Amino acid sequence: MLSRATLLFSILTLLSLTSCHAAGLSQKFSLVQLQVKDQQIQVQLADTPAKRSQGLMGQSPLKHGMLLLLQQPAEMVLWMKNTPESLDVAFIDTNWRIVAILAMQANTETLHPSERIVRAALEMPPGWFDQANIKVGDQLIYCPEQPKLCKKHSGGAKPDSPLDVKN
């Protein structure tokens, strides 16, 4: 027969694992189109607290970047705990302009604050923004909100290889 302490420990462990699962460690992400300059890319959408909390944790190799989209603009702070690949992040203001681009190292708990009110953050592989010649001040188009402003797909990144950069 189990002692009370062992039983209590087992219950607490089970509750902890259940809450981790419920907190979003197995969230499914839909893909959305973004356009930046002449680049049209497909990224995973994290538009709920649970999805933003999970982010790109455990995803390796990285097939798609991620758009962390807030329902209401706010300051955002990101970290890379349990994220196996380094990333670059672009913080995006309420007008869909890039206000900062930061490098984030894999598996660290360093905090990366937006330092201002933002609408979203776009996480991409290291060097992606430089390769695509995307800079602070550039405008993004969130295609689900403004489909008429998004160019039809014409070369560059194909839906099955959204991280390619057109030269």
# chains A, B, ... in the order shown; residues from 1 in each chain; ligands from 1
>>> residues_around(residues="A:Gln33", least_positions_apart="2", cutoff="8 Å", atoms="only C-alpha atoms", output="PyMOL selection string")
chain A and resi 31+35+40-43+142-144
>>> select_by_dssp(residues="stretch 40-150 of chain A", states="helix (DSSP H, G or I)", output="list in words")
Pro49, Ala50, Lys51, Arg52, Ser53, Gln54, Trp128, Phe129, Asp130, Gln131, Pro147, Lys148 and Leu149 of chain A
>>> closest_residue(among="A:Ile101, A:Leu56, A:Ala132, A:Leu111", to="A:Asp88", atoms="only C-alpha atoms")
A:Ile101
>>> closest_residue(among="A:Met66, A:Met57, A:Ile141, A:Ile117", to="A:Phe29", atoms="only C-alpha atoms")
A:Met66
>>> residues_around(residues="stretch 78-81 of chain A", least_positions_apart="6", cutoff="10 Å", atoms="only C-alpha atoms", output="CSV table (one decimal) with N, CA, C and O atoms, in the first residue's frame")
chain,number,residue,atom,x,y,z
A,52,ARG,N,1.0,31.3,-27.6
A,52,ARG,CA,2.2,32.2,-27.5
A,52,ARG,C,3.1,31.7,-26.4
A,52,ARG,O,4.4,31.8,-26.5
A,53,SER,N,2.6,31.1,-25.4
A,53,SER,CA,3.4,30.5,-24.3
A,53,SER,C,4.3,29.4,-24.8
A,53,SER,O,5.4,29.2,-24.5
A,54,GLN,N,3.7,28.5,-25.7
A,54,GLN,CA,4.4,27.4,-26.2
A,54,GLN,C,5.4,27.9,-27.3
A,54,GLN,O,6.6,27.5,-27.3
A,55,GLY,N,5.0,28.8,-28.1
A,55,GLY,CA,5.9,29.3,-29.2
A,55,GLY,C,6.6,28.2,-30.0
A,55,GLY,O,5.9,27.2,-30.3
A,56,LEU,N,7.8,28.4,-30.2
A,56,LEU,CA,8.6,27.4,-31.0
A,56,LEU,C,9.3,26.4,-30.1
A,56,LEU,O,10.3,25.8,-30.6
A,57,MET,N,8.9,26.3,-28.9
A,57,MET,CA,9.6,25.3,-28.0
A,57,MET,C,9.5,23.9,-28.6
A,57,MET,O,8.5,23.5,-29.1
A,58,GLY,N,10.7,23.3,-28.6
A,58,GLY,CA,10.7,21.9,-29.1
A,58,GLY,C,10.7,21.7,-30.6
A,58,GLY,O,10.7,20.6,-31.0
A,87,LEU,N,17.0,32.2,-32.7
A,87,LEU,CA,16.0,32.9,-33.6
A,87,LEU,C,16.3,34.4,-33.6
A,87,LEU,O,17.0,34.9,-32.7
A,89,VAL,N,14.0,37.9,-33.8
A,89,VAL,CA,12.7,38.4,-33.6
A,89,VAL,C,12.5,39.8,-34.1
A,89,VAL,O,13.4,40.7,-33.8
A,104,MET,N,18.1,36.1,-30.6
A,104,MET,CA,17.8,35.4,-29.4
A,104,MET,C,18.5,34.0,-29.5
A,104,MET,O,18.4,33.3,-30.4
A,105,GLN,N,19.3,33.7,-28.4
A,105,GLN,CA,20.1,32.5,-28.4
A,105,GLN,C,19.2,31.3,-27.9
A,105,GLN,O,18.4,31.5,-27.0
A,106,ALA,N,19.4,30.1,-28.5
A,106,ALA,CA,18.7,28.9,-28.1
A,106,ALA,C,18.8,28.6,-26.7
A,106,ALA,O,19.9,28.8,-26.1
A,107,ASN,N,17.8,28.0,-26.1
A,107,ASN,CA,17.8,27.4,-24.7
A,107,ASN,C,18.3,28.3,-23.7
A,107,ASN,O,19.1,27.9,-22.8
A,108,THR,N,17.9,29.6,-23.7
A,108,THR,CA,18.4,30.6,-22.7
A,108,THR,C,17.1,31.2,-22.0
A,108,THR,O,16.0,31.1,-22.6
A,109,GLU,N,17.3,31.8,-20.9
A,109,GLU,CA,16.3,32.4,-20.2
A,109,GLU,C,16.4,33.9,-20.2
A,109,GLU,O,15.8,34.6,-19.4
A,110,THR,N,17.3,34.4,-21.1
A,110,THR,CA,17.5,35.9,-21.2
A,110,THR,C,16.2,36.5,-21.7
A,110,THR,O,15.5,36.0,-22.6
A,111,LEU,N,15.8,37.6,-21.1
A,111,LEU,CA,14.5,38.2,-21.4
A,111,LEU,C,14.8,39.2,-22.6
A,111,LEU,O,15.8,39.9,-22.6
A,112,HIS,N,13.9,39.2,-23.5
A,112,HIS,CA,13.9,40.1,-24.7
A,112,HIS,C,12.7,40.9,-24.8
A,112,HIS,O,11.7,40.5,-25.4
A,113,PRO,N,12.7,42.1,-24.2
A,113,PRO,CA,11.5,43.0,-24.1
A,113,PRO,C,11.3,43.8,-25.4
A,113,PRO,O,12.3,44.2,-26.0
A,114,SER,N,10.0,44.0,-25.7
A,114,SER,CA,9.8,44.9,-26.9
A,114,SER,C,10.1,46.3,-26.6
A,114,SER,O,10.3,47.1,-27.5
A,121,ALA,N,5.0,39.9,-32.7
A,121,ALA,CA,6.4,39.6,-32.9
A,121,ALA,C,6.5,38.5,-33.9
A,121,ALA,O,5.8,37.6,-33.9
>>> atom_distance(atom1="atom CA of A:Val136", atom2="atom CA of A:Ala50")
28.1 Å
>>> closest_residue(among="A:Gln59, A:Asn133, A:Leu140, A:Arg116", to="A:Asn95", atoms="only C-alpha atoms")
A:Leu140
>>> atom_distance(atom1="atom CA of A:Val118", atom2="atom CA of A:Ala46")
14.7 Å
>>> closest_residue(among="A:Cys150, A:Ile98, A:Leu67, A:Ala74", to="A:Asp138", atoms="only C-alpha atoms")
A:Ile98
